[in-house]
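Text of data_39.csv (CSV, C-alpha atoms) as supplied:
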```
chain,number,residue,atom,x,y,z
A,1,MET,CA,-22.2,10.3,-2.4
A,2,SER,CA,-19.1,11.7,-0.5
A,3,ALA,CA,-15.6,10.4,-0.3
A,4,GLN,CA,-14.9,8.8,3.1
A,5,TYR,CA,-12.0,8.9,5.5
A,6,LYS,CA,-10.9,7.2,8.7
A,7,LEU,CA,-8.4,8.4,11.3
A,8,VAL,CA,-5.2,6.2,11.7
A,9,ARG,CA,-2.4,6.6,14.2
A,10,ASN,CA,1.1,7.2,12.8
A,11,LEU,CA,3.6,4.5,13.6
A,12,THR,CA,6.3,7.1,14.4
A,13,PRO,CA,5.6,9.0,17.7
A,14,ASP,CA,5.7,12.8,17.8
A,15,LYS,CA,9.1,14.1,18.8
A,16,GLU,CA,7.7,16.6,21.3
A,17,ASN,CA,5.2,14.5,23.3
A,18,GLY,CA,6.1,10.9,22.3
A,19,LYS,CA,2.5,10.2,21.3
A,20,GLN,CA,1.4,8.8,18.0
A,21,PRO,CA,-0.6,11.5,16.1
A,22,LEU,CA,-3.7,10.7,14.0
A,23,HIS,CA,-3.9,11.4,10.3
A,24,ALA,CA,-6.8,11.0,7.8
A,25,ARG,CA,-6.7,8.0,5.4
A,26,PHE,CA,-9.0,7.7,2.4
A,27,VAL,CA,-11.5,4.9,2.6
A,28,PRO,CA,-12.7,3.9,-1.0
A,29,ASN,CA,-16.4,3.5,-1.6
A,30,GLY,CA,-15.4,0.7,-4.0
A,31,THR,CA,-13.6,0.2,-7.3
A,32,MET,CA,-15.0,1.3,-10.6
A,33,ARG,CA,-13.9,-0.9,-13.5
A,34,LEU,CA,-14.1,-0.6,-17.2
A,35,ASP,CA,-17.7,-1.7,-17.5
A,36,ASP,CA,-18.7,0.8,-14.7
A,37,LEU,CA,-17.0,3.7,-16.5
A,38,VAL,CA,-18.5,2.7,-19.8
A,39,ARG,CA,-22.0,2.6,-18.3
A,40,ASN,CA,-21.5,6.0,-16.7
A,41,ALA,CA,-20.1,7.5,-19.8
A,42,SER,CA,-22.9,6.2,-22.1
A,43,GLY,CA,-25.4,8.0,-20.0
A,44,ARG,CA,-23.6,11.3,-20.7
A,45,SER,CA,-23.2,11.0,-24.4
A,46,SER,CA,-24.9,9.8,-27.6
A,47,LEU,CA,-22.3,7.1,-28.0
A,48,SER,CA,-23.3,3.5,-27.4
A,49,SER,CA,-21.7,1.4,-24.6
A,50,ALA,CA,-20.0,-0.7,-27.3
A,51,ASP,CA,-18.5,2.4,-29.0
A,52,ILE,CA,-17.2,3.8,-25.6
A,53,LYS,CA,-15.7,0.4,-24.6
A,54,GLY,CA,-14.1,0.0,-28.0
A,55,ALA,CA,-12.6,3.5,-27.7
A,56,LEU,CA,-11.2,2.9,-24.2
A,57,GLN,CA,-9.7,-0.4,-25.2
A,58,LEU,CA,-8.1,1.3,-28.3
A,59,LEU,CA,-6.8,4.0,-26.0
A,60,GLN,CA,-5.2,1.4,-23.8
A,61,ASP,CA,-3.5,-0.2,-26.7
A,62,VAL,CA,-2.1,3.0,-28.1
A,63,ILE,CA,-0.9,4.2,-24.7
A,64,ALA,CA,0.9,0.8,-24.1
A,65,ASP,CA,2.5,1.0,-27.5
A,66,ALA,CA,3.7,4.6,-27.0
A,67,LEU,CA,5.2,3.8,-23.6
A,68,LEU,CA,6.9,0.7,-25.1
A,69,PHE,CA,8.7,3.0,-27.6
A,70,GLY,CA,9.9,5.4,-24.9
A,71,TYR,CA,7.3,8.2,-25.0
A,72,ASN,CA,5.5,9.9,-22.1
A,73,ILE,CA,1.8,10.1,-22.5
A,74,GLU,CA,0.0,13.3,-21.5
A,75,LEU,CA,-3.8,13.2,-21.3
A,76,GLU,CA,-4.8,16.8,-20.9
A,77,GLY,CA,-7.0,17.3,-17.8
A,78,ILE,CA,-6.0,13.9,-16.4
A,79,GLY,CA,-2.2,13.6,-16.1
A,80,THR,CA,1.0,12.2,-17.5
A,81,PHE,CA,2.0,8.5,-17.7
A,82,GLY,CA,5.7,7.6,-17.8
A,83,ILE,CA,8.1,4.7,-17.2
A,84,SER,CA,10.4,4.0,-14.3
A,85,LEU,CA,13.4,1.7,-14.7
A,86,LYS,CA,15.6,-0.5,-12.4
A,87,CYS,CA,19.2,-1.6,-12.5
A,88,ARG,CA,21.8,-2.7,-10.0
A,89,PRO,CA,23.7,0.2,-8.3
A,90,VAL,CA,27.0,1.1,-9.9
A,91,MET,CA,29.6,3.8,-9.3
A,92,ASP,CA,30.7,4.3,-12.9
A,93,LYS,CA,28.7,4.5,-16.1
A,94,LYS,CA,31.0,1.9,-17.7
A,95,GLU,CA,29.9,-0.8,-15.2
A,96,ILE,CA,26.5,-1.2,-16.7
A,97,ARG,CA,25.1,-2.0,-20.1
A,98,ALA,CA,21.6,-1.5,-21.6
A,99,GLU,CA,20.9,-5.3,-21.1
A,100,SER,CA,21.1,-4.8,-17.4
A,101,VAL,CA,18.4,-2.0,-17.3
A,102,HIS,CA,14.8,-3.2,-17.0
A,103,PHE,CA,11.3,-1.9,-16.8
A,104,ARG,CA,10.0,-1.3,-13.3
A,105,ASP,CA,6.6,0.3,-13.4
A,106,VAL,CA,4.3,2.8,-15.0
A,107,THR,CA,4.3,6.2,-13.2
A,108,PHE,CA,1.4,8.6,-13.1
A,109,ARG,CA,1.5,12.4,-12.3
A,110,SER,CA,-1.9,14.0,-12.1
A,111,SER,CA,-2.5,17.3,-13.9
A,112,SER,CA,-3.1,20.5,-12.1
A,113,LYS,CA,-6.5,20.7,-13.8
A,114,LEU,CA,-7.6,17.4,-12.3
A,115,ARG,CA,-6.3,18.4,-8.8
A,116,ASP,CA,-8.1,21.7,-9.0
A,117,ARG,CA,-11.4,19.8,-9.8
A,118,LEU,CA,-10.9,17.6,-6.8
A,119,LYS,CA,-10.0,20.3,-4.3
A,120,ALA,CA,-13.7,20.8,-3.4
A,121,MET,CA,-14.2,17.1,-2.8
A,122,PRO,CA,-16.7,16.6,0.0
A,123,VAL,CA,-15.5,14.1,2.6
A,124,VAL,CA,-17.3,12.4,5.5
A,125,ARG,CA,-16.0,10.2,8.3
A,126,SER,CA,-16.4,6.5,7.5
A,127,GLU,CA,-18.9,4.6,9.7
A,128,GLU,CA,-16.6,1.6,9.5
A,129,LYS,CA,-15.6,0.5,13.0
A,130,GLU,CA,-12.1,1.7,13.6
A,131,ARG,CA,-9.6,-0.8,15.1
A,132,GLU,CA,-8.2,-0.1,18.5
A,133,MET,CA,-4.5,0.7,18.4
A,134,TYR,CA,-2.3,-1.2,20.8
A,135,THR,CA,1.1,-0.2,22.1
A,136,PRO,CA,4.2,-2.3,21.4
A,137,GLU,CA,4.2,-3.4,25.0
A,138,GLN,CA,0.6,-4.6,24.8
A,139,CYS,CA,1.3,-6.4,21.5
A,140,GLU,CA,4.3,-8.1,23.1
A,141,ALA,CA,2.1,-9.2,26.0
A,142,PHE,CA,-0.5,-10.6,23.6
A,143,THR,CA,2.2,-12.5,21.7
A,144,MET,CA,3.8,-14.1,24.8
A,145,GLU,CA,0.3,-15.0,26.1
A,146,TYR,CA,-0.5,-16.6,22.8
A,147,LEU,CA,2.8,-18.6,22.7
A,148,LYS,CA,2.0,-20.1,26.1
A,149,THR,CA,-0.6,-22.3,24.4
A,150,HIS,CA,0.7,-22.4,20.9
A,151,PRO,CA,4.1,-23.5,19.6
A,152,TYR,CA,4.5,-20.6,17.2
A,153,ILE,CA,2.9,-17.4,15.9
A,154,SER,CA,2.8,-16.2,12.3
A,155,GLY,CA,2.8,-12.6,11.0
A,156,LYS,CA,-0.9,-13.1,10.0
A,157,ILE,CA,-1.9,-14.2,13.5
A,158,TYR,CA,0.2,-11.4,15.0
A,159,ARG,CA,-1.7,-8.8,12.9
A,160,SER,CA,-5.0,-10.2,14.0
A,161,LEU,CA,-4.1,-10.1,17.7
A,162,CYS,CA,-2.7,-6.6,17.5
A,163,HIS,CA,-5.1,-5.1,14.9
A,164,CYS,CA,-2.2,-3.8,12.8
A,165,GLY,CA,-0.8,-3.9,9.3
A,166,LYS,CA,2.1,-5.8,7.8
A,167,THR,CA,4.6,-3.0,8.3
A,168,LYS,CA,4.0,-2.7,12.0
A,169,ALA,CA,3.9,-6.4,12.5
A,170,ALA,CA,7.2,-6.9,10.8
A,171,ALA,CA,8.8,-4.1,12.8
A,172,ASP,CA,7.5,-5.5,16.1
A,173,LEU,CA,8.5,-9.1,15.4
A,174,LYS,CA,11.9,-8.0,14.3
A,175,ARG,CA,12.4,-5.9,17.5
A,176,MET,CA,11.4,-8.9,19.7
A,177,MET,CA,13.9,-11.1,17.8
A,178,LYS,CA,16.6,-8.5,18.2
A,179,GLU,CA,15.9,-8.4,22.0
A,180,GLY,CA,16.3,-12.2,22.1
A,181,LYS,CA,12.6,-12.8,23.0
A,182,LEU,CA,11.7,-14.6,19.7
A,183,ARG,CA,13.4,-16.8,17.2
A,184,LYS,CA,12.3,-17.2,13.5
A,185,GLU,CA,12.2,-20.2,11.2
A,186,SER,CA,10.9,-20.5,7.7
A,187,VAL,CA,8.4,-23.2,6.7
A,188,GLY,CA,8.0,-23.0,2.9
A,189,SER,CA,7.4,-19.3,2.1
A,190,THR,CA,6.0,-18.5,5.6
A,191,PHE,CA,8.0,-17.3,8.6
A,192,LEU,CA,7.0,-18.6,12.0
A,193,TYR,CA,8.1,-17.2,15.4
A,194,SER,CA,8.5,-19.0,18.7
A,195,ILE,CA,9.8,-18.1,22.1
A,196,SER,CA,13.6,-18.0,22.1
A,197,ASP,CA,15.5,-20.6,24.1
A,198,SER,CA,17.5,-17.8,25.7
A,199,PHE,CA,14.4,-15.9,26.9
```
Could you quickly redo this structure as structure tokens?
Amino acid sequence: MSAQYKLVRNLTPDKENGKQPLHARFVPNGTMRLDDLVRNASGRSSLSSADIKGALQLLQDVIADALLFGYNIELEGIGTFGISLKCRPVMDKKEIRAESVHFRDVTFRSSSKLRDRLKAMPVVRSEEKEREMYTPEQCEAFTMEYLKTHPYISGKIYRSLCHCGKTKAAADLKRMMKEGKLRKESVGSTFLYSISDSF
């Protein structure tokens, strides 16, 4: 089985011709979880599935403990795990104390050995039907047409109409608000957009 890709248009137009270029995006064949890895590994060794699963769970525990105590973890041939932190921005070291610095996330940097093994990865184009990309003008027309028969439009509905993701939807809706075409109100944790009174 080969890895798959699809072609997606960049949101930012090319500076020379103003068109949105295409780039390749990885399309996963699925997600392999612990049981899947254990099953694959047991077929390649004399260890039982229970032994492999126990070893992986033990490895998870010792990695978490080592990270907790401030160590980086290097797994030769795989990569290095580390920690990223967060705190409020300050101009002087004296403005912040250790109590204000918190864990943000676990980082991972792949090893050159792993990258070298994957360089020869065979890839094929995904047969998944690619969504048509609409221009901002087309999306705006869809939005106004929708609002003729509906009191509001949500980000989710906008994404469905325009076949786009959250980032593009948020940028488009923000632009239409800035231009005075839409107004926004919050209902619980959801933002709803309707035609502006001044439009």
Identify, on the basis of all atoms listed in the file, every residue whose closest approach to range 134-141 of chain A does not exceed 8 Å; exclude the query and any residue fewer than 3 positions from it along the same chain; express the result as an mmCIF file with C-alpha atoms, in the coordinates of the input.
```
data_model
loop_
_atom_site.group_PDB
_atom_site.id
_atom_site.type_symbol
_atom_site.label_atom_id
_atom_site.label_comp_id
_atom_site.auth_asym_id
_atom_site.auth_seq_id
_atom_site.Cartn_x
_atom_site.Cartn_y
_atom_site.Cartn_z
ATOM 1 C CA MET A 144 3.800 -14.100 24.800
ATOM 2 C CA GLU A 145 0.300 -15.000 26.100
ATOM 3 C CA LEU A 161 -4.100 -10.100 17.700
ATOM 4 C CA CYS A 162 -2.700 -6.600 17.500
ATOM 5 C CA HIS A 163 -5.100 -5.100 14.900
ATOM 6 C CA ASP A 172 7.500 -5.500 16.100
ATOM 7 C CA MET A 176 11.400 -8.900 19.700
#
```
Taking 3 positions as the minimum chain separation for residues in the same chain, which residues sit within 10 Å of Ala170 in chain A when counting all atoms listed in the file? Answer as a list in words.
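Those residues are Gly155, Tyr158, Arg159, Gly165, Lys166, Thr167, Leu173, Lys174 and Arg175 of chain A.
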Write out as a list in words which residues come within 8 Å of range 113-122 of chain A when counting all atoms listed in the file, dropping same-chain ones fewer than 5 positions away.
Ser2, Ala3, Gly77, Ile78 and Gly79 of chain A
Using all atoms listed in the file, determine which residues lie at most 12 Å from Thr12 in chain A, disregarding the query and same-chain residues fewer than 2 positions distant; provide the list as a list of chain:residue names.
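Once the adjacent positions are removed, what remains is A:Val8, A:Arg9, A:Asn10, A:Asp14, A:Lys15, A:Glu16, A:Asn17, A:Gly18, A:Lys19, A:Gln20, A:Pro21, A:Leu22, A:His23, A:Thr135, A:Pro136, A:Thr167, A:Lys168, A:Ala171.
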Just to confirm, what's the straight-line distance from CA of Ala66 in chain A to CA of Thr107 in chain A in Å (one decimal)?
13.9 Å
